[in-house]
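**Q** Structure below; questions to follow.
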Amino acid sequence: MFLSRRTGRVLLAPVLASTAAFAAVLGPGALPAAAASDMLWVYSDPYEMTLSGPYEDGSPAPSQTLTILVSHDNTGTTVPAGTLSVDVSGIAAFADVSWPANCRPQTDTTALCDTPELPGGGYAPAAAIGLTAKAGAPDASEGYVRYSAEAGGMTAWPGETRVAVGNGPALGLTQAASVTGLAPGAAFDTPVTLANKGNRTADRTLLTLFTSRGVKLRGPVPANCEYNDGDTGRTLLCTLDEKAAPGSYHSLPLGFRAKDNALFDRIDYSVQPYSEQARDEQRHGQVFTPGSGAELDLSPAPATDEETDPYRMLSVRAKNTADYRLTGSQVSGAAGETVQASVTVRNQGPAWVASLSAGDPAATVDVNIPAGTTVTAKPDNCEARTASGGYRDEQLGAPRYRCFTPIYLTEAGTESTHRFTFGLRIDEVLPGAGATAAIWNDAYEPPVRTFDPDLTNNEARIVVNP
């Protein structure tokens, strides 16, 4: 199972090495010329499903919809209508199946469905299949719905979706909108709704909340919460005592404030039925401090059509700056000696810079190596480059290096600075030999130049025998 970073969708098929390999699977002439570079895919939404049995009050088990989708790769090709083959024999013992109008049952457990035309690089729902747990289906029953598609002379690699039976609470949260354009110090709200879409009551709820370094909960930490401060932010664990019955909705009023160092921040929050084991697992062995403010409580809320999920994240963007500064070094030595030369990135603030979602380096630095020297040792987080900037397999002795800081640089303290140190062997004494190092101002999302108010101090020099 693969997750596409670009689309976020789950691809339930291995990626074939080449079009030739794919054609070999289908046989000679299987792919028309117009689709020679194309591939057909099938996957599902959701990518796995848990069916609930009857409710605790005796109401019948709810039906859920498994949507099978088809897509293809080539943006320049339109794939004609085709067919989807679906096999539900793996779940027939514990689930009832309702076929949509575009599916024709072939046996008690298989169907053939008509799929729509696919525009260039597009995708479309191929079948929306209703699934309901059978009366008396045992907990932990599980199996797979399997499917494949054919269209335009292509056959998709088969996909499958795990389906299980599980009774209990199914807590989820609505998605709060991301926040942009905040002034440092500004307060903002992110109201969310908690829903229980399971078939059992959650007597208590464990809320896990993470606020990154530039954001904080407005007001003191509630007395029914505990917190732990880390390098990148604060984690809070809150025990909510209000019962959440099946089908109920509750408001979760969350208020925050952007701190003076806010810039690229985020808030993560998740819910699950409370247990001491769940709380201990969320502590990850860290020490938490009890809060002392007014309790955070759930209150009844109207039902909503919004989707809910146990885990949510929202980004917080502030109007702020972070002044990067690059410093080089001056070293001296005789021919044949090895000296230590360094380049140092420092974030002068006032904001911290973090790539908590993408995991990119907070700063990327191109380091040129002075003439008359050879690199004998390099930092692990630096890659060798050719003089023109292309990648070089041989890592030592290169004329240029591209270096990467961690994914964040704080606005103060030791984590605001990162040093790259190279071992340079002096092959020939060339007095005043120097080379330039520079922060790549167009790297990062968004680029450094969009938040750094002074780009003139983003270059420095390494000088040998000044």
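Just so we're on the same page: first chain in the structure tokens is A, next is B, and so on; residues restart at 1 for each chain, and ligands are numbered from 1 in the order they show up.
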Need the shell around stretch 166-180 of chain A: protein/DNA/RNA residues with any atom at most 8 Å away, counting only C-alpha atoms. Skip same-chain ones fewer than 3 positions apart. Format as an NGL selection string?

**A** :A and (50-53 or 139-141 or 190-202 or 246 or 270-273 or 306-318)

**Q** Go ahead and save the picked residues with C-alpha atoms, as a PDB file, in the first residue's frame.

**A**
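Written output follows (result_39.pdb):
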ATOM      1  CA  THR A  50     -14.983  -0.781  10.493  1.00  0.00           C
ATOM      2  CA  LEU A  51     -18.660  -1.731  10.607  1.00  0.00           C
ATOM      3  CA  SER A  52     -20.686  -1.278  13.779  1.00  0.00           C
ATOM      4  CA  GLY A  53     -23.279  -3.772  14.960  1.00  0.00           C
ATOM      5  CA  ASP A 139     -16.517  -8.464  17.120  1.00  0.00           C
ATOM      6  CA  ALA A 140     -13.151  -8.561  15.342  1.00  0.00           C
ATOM      7  CA  SER A 141     -14.567 -10.304  12.261  1.00  0.00           C
ATOM      8  CA  THR A 190     -10.790  27.147  16.531  1.00  0.00           C
ATOM      9  CA  PRO A 191     -14.190  25.755  17.515  1.00  0.00           C
ATOM     10  CA  VAL A 192     -14.633  22.084  16.661  1.00  0.00           C
ATOM     11  CA  THR A 193     -17.433  19.573  17.109  1.00  0.00           C
ATOM     12  CA  LEU A 194     -16.919  16.133  18.634  1.00  0.00           C
ATOM     13  CA  ALA A 195     -19.224  13.385  17.380  1.00  0.00           C
ATOM     14  CA  ASN A 196     -19.722   9.780  18.409  1.00  0.00           C
ATOM     15  CA  LYS A 197     -20.596   7.777  15.304  1.00  0.00           C
ATOM     16  CA  GLY A 198     -20.162   4.427  17.010  1.00  0.00           C
ATOM     17  CA  ASN A 199     -22.776   2.259  18.648  1.00  0.00           C
ATOM     18  CA  ARG A 200     -21.656   2.535  22.271  1.00  0.00           C
ATOM     19  CA  THR A 201     -21.330   5.440  24.730  1.00  0.00           C
ATOM     20  CA  ALA A 202     -17.937   6.942  25.519  1.00  0.00           C
ATOM     21  CA  PRO A 246     -23.997   7.207  20.049  1.00  0.00           C
ATOM     22  CA  SER A 270      -7.142  14.053  18.521  1.00  0.00           C
ATOM     23  CA  VAL A 271      -9.741  12.202  20.578  1.00  0.00           C
ATOM     24  CA  GLN A 272     -10.262   8.668  21.807  1.00  0.00           C
ATOM     25  CA  PRO A 273     -12.266   6.982  24.586  1.00  0.00           C
ATOM     26  CA  GLU A 306     -19.295  17.699   8.275  1.00  0.00           C
ATOM     27  CA  GLU A 307     -16.993  14.710   8.163  1.00  0.00           C
ATOM     28  CA  THR A 308     -15.336  13.738  11.438  1.00  0.00           C
ATOM     29  CA  ASP A 309     -12.001  12.067  12.097  1.00  0.00           C
ATOM     30  CA  PRO A 310     -10.228  11.105  15.336  1.00  0.00           C
ATOM     31  CA  TYR A 311      -7.178  13.198  14.339  1.00  0.00           C
ATOM     32  CA  ARG A 312      -7.091  16.742  12.987  1.00  0.00           C
ATOM     33  CA  MET A 313      -4.440  19.333  12.205  1.00  0.00           C
ATOM     34  CA  LEU A 314      -4.634  22.989  11.239  1.00  0.00           C
ATOM     35  CA  SER A 315      -1.910  25.399  10.198  1.00  0.00           C
ATOM     36  CA  VAL A 316      -1.391  28.797  11.803  1.00  0.00           C
ATOM     37  CA  ARG A 317       0.414  31.514   9.830  1.00  0.00           C
ATOM     38  CA  ALA A 318       1.480  34.807  11.377  1.00  0.00           C
TER      39      ALA A 318
END

**Q** Identify, on the basis of only C-alpha atoms, every residue whose closest approach to stretch 225-228 of chain A does not exceed 6 Å; exclude the query and any residue fewer than 6 positions from it along the same chain; express the result as number ranges by chain.

**A** A: 234-238, 288-291

**Q** Could the residues in this selection be saved with N, CA and C atoms as an mmCIF file, in the first residue's frame?

**A**
data_model
loop_
_atom_site.group_PDB
_atom_site.id
_atom_site.type_symbol
_atom_site.label_atom_id
_atom_site.label_comp_id
_atom_site.auth_asym_id
_atom_site.auth_seq_id
_atom_site.Cartn_x
_atom_site.Cartn_y
_atom_site.Cartn_z
ATOM 1 N N ARG A 234 4.151 22.417 22.858
ATOM 2 C CA ARG A 234 3.549 21.883 24.085
ATOM 3 C C ARG A 234 2.507 20.826 23.747
ATOM 4 N N THR A 235 2.537 19.710 24.487
ATOM 5 C CA THR A 235 1.527 18.669 24.379
ATOM 6 C C THR A 235 0.640 18.709 25.613
ATOM 7 N N LEU A 236 -0.672 18.702 25.406
ATOM 8 C CA LEU A 236 -1.633 18.686 26.495
ATOM 9 C C LEU A 236 -2.495 17.436 26.399
ATOM 10 N N LEU A 237 -2.751 16.804 27.533
ATOM 11 C CA LEU A 237 -3.668 15.673 27.627
ATOM 12 C C LEU A 237 -4.812 16.081 28.537
ATOM 13 N N CYS A 238 -6.029 16.082 27.987
ATOM 14 C CA CYS A 238 -7.198 16.546 28.734
ATOM 15 C C CYS A 238 -8.210 15.412 28.871
ATOM 16 N N PHE A 288 4.457 14.974 32.827
ATOM 17 C CA PHE A 288 3.442 15.996 32.561
ATOM 18 C C PHE A 288 3.098 16.733 33.847
ATOM 19 N N THR A 289 2.774 18.017 33.704
ATOM 20 C CA THR A 289 2.438 18.883 34.832
ATOM 21 C C THR A 289 0.937 19.179 34.826
ATOM 22 N N PRO A 290 0.226 19.005 35.940
ATOM 23 C CA PRO A 290 -1.213 19.290 35.974
ATOM 24 C C PRO A 290 -1.498 20.769 35.770
ATOM 25 N N GLY A 291 -2.611 21.083 35.087
ATOM 26 C CA GLY A 291 -3.056 22.458 34.931
ATOM 27 C C GLY A 291 -3.840 22.925 36.143
#

**Q** Just the strand (DSSP E) stuff from stretch 278-441 of chain A, please, per backbone DSSP, written as JSON, numbers by chain.

**A** {"A": [289, 290, 299, 300, 311, 312, 313, 314, 315, 316, 317, 318, 322, 323, 324, 325, 326, 327, 329, 330, 331, 338, 339, 340, 341, 342, 343, 344, 345, 346, 347, 348, 349, 350, 353, 354, 364, 365, 366, 367, 368, 373, 374, 375, 376, 377, 382, 383, 384, 385, 400, 401, 402, 403, 404, 408, 409, 417, 418, 419, 420, 421, 422, 423, 424, 425, 426, 433, 434, 435, 436, 437, 438, 439]}

**Q** Between A:Ser89, A:Thr110, A:Thr376, A:Thr321, which residue has the minimum interatomic distance to A:Gly397, considering only C-alpha atoms?

**A**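 Result for the nearest residue to A:Gly397: A:Thr376.
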
**Q** Can you work out which one of A:Thr67, A:Arg400, A:Ser98, A:Val79 has the shortest atom-to-atom distance to A:Pro116, counting only C-alpha atoms?

**A** A:Val79

**Q** My list of candidates is A:Ile267, A:Ala341, A:Val331, A:Ala363. Which is closest to A:Arg449 when distances are computed with only C-alpha atoms?

**A**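 Using only C-alpha atoms, A:Arg449 sits closest to A:Ala363.
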
**Q** Skipping near chain neighbours, those fewer than 5 positions away, what residues fall within 9 Å of A:Glu428 using only C-alpha atoms, listed as a ChimeraX atom specification?

**A** /A:334-336,371-373

**Q** For a quick check of understanding, using only C-alpha atoms, which of A:Gln395, A:Thr364, A:Ser37, A:Gln282 has the smallest distance to A:Leu209?

**A**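 Checking each candidate against A:Leu209, we get A:Gln282 as the closest.
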
**Q** Find the residue from A:Thr338, A:Pro253, A:Glu445, A:Lys378 that sits nearest to A:Asp360; use only C-alpha atoms when measuring.

**A**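 Ranking A:Thr338, A:Pro253, A:Glu445, A:Lys378 by distance to A:Asp360, first place goes to A:Glu445.
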
**Q** From the list A:Ala354, A:Ala387, A:Met154, A:Ile407, which residue is nearest A:Ser212 when using only C-alpha atoms?

**A**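 Checking each of A:Ala354, A:Ala387, A:Met154, A:Ile407 against A:Ser212, counting only C-alpha atoms, the winner is A:Ala354.
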
**Q** List every residue of stretch 240-285 of chain A that DSSP, applied to the backbone of this structure, places in alpha helix (DSSP H), and write the result as a ChimeraX atom specification.

**A** /A:276-283

**Q** Taking 4 positions as the minimum chain separation for residues in the same chain, which residues sit within 9 Å of A:Pro100 when counting only C-alpha atoms? Answer as a PyMOL selection string.

**A** chain A and resi 104+113+127-130

**Q** For the residues in that selection, give me N, CA and C atoms as an mmCIF file, in the first residue's frame.

**A**
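selection-v8.cif written:
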data_model
loop_
_atom_site.group_PDB
_atom_site.id
_atom_site.type_symbol
_atom_site.label_atom_id
_atom_site.label_comp_id
_atom_site.auth_asym_id
_atom_site.auth_seq_id
_atom_site.Cartn_x
_atom_site.Cartn_y
_atom_site.Cartn_z
ATOM 1 N N ARG A 104 -23.913 -4.801 -11.729
ATOM 2 C CA ARG A 104 -24.749 -5.954 -12.065
ATOM 3 C C ARG A 104 -24.197 -7.181 -11.348
ATOM 4 N N CYS A 113 -19.378 -3.638 -12.559
ATOM 5 C CA CYS A 113 -19.905 -2.280 -12.490
ATOM 6 C C CYS A 113 -19.404 -1.459 -13.675
ATOM 7 N N ALA A 127 -17.964 2.865 -7.975
ATOM 8 C CA ALA A 127 -19.061 2.144 -7.315
ATOM 9 C C ALA A 127 -19.146 2.590 -5.872
ATOM 10 N N ALA A 128 -20.356 2.888 -5.419
ATOM 11 C CA ALA A 128 -20.610 3.228 -4.020
ATOM 12 C C ALA A 128 -21.389 2.061 -3.415
ATOM 13 N N ILE A 129 -20.696 1.207 -2.674
ATOM 14 C CA ILE A 129 -21.251 -0.062 -2.201
ATOM 15 C C ILE A 129 -21.679 0.079 -0.749
ATOM 16 N N GLY A 130 -22.917 -0.267 -0.460
ATOM 17 C CA GLY A 130 -23.420 -0.213 0.906
ATOM 18 C C GLY A 130 -23.057 -1.469 1.676
#

**Q** Write out as a VMD selection string each polymer residue whose atoms come within 12 Å of A:Val375, counting only C-alpha atoms; drop sequence neighbours fewer than 2 positions from it.

**A** chain A and resid 337 to 342 367 to 373 377 to 379 382 384 394 to 401 421 to 427

**Q** Suppose you want the space between atom CA of A:Val429 and atom CA of A:Glu383; what is it in Å?

**A**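 Interatomic distance, atom CA of A:Val429 to atom CA of A:Glu383: 26.0 Å.
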
**Q** So how many Å separate atom CA of A:Pro62 and atom CA of A:Ala245, to one decimal?

**A**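 Computing the Euclidean distance for atom CA of A:Pro62 and atom CA of A:Ala245 yields 15.1 Å.
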
**Q** How many Å separate atom CA of A:Thr109 from atom CA of A:Val70?

**A**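 Between atom CA of A:Thr109 and atom CA of A:Val70 the gap is 20.8 Å.
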
**Q** Write out as number ranges by chain which residues come within 12 Å of A:Asp442 when counting only C-alpha atoms, dropping same-chain ones fewer than 2 positions away.

**A** A: 362-366, 438-440, 444-452, 455, 458
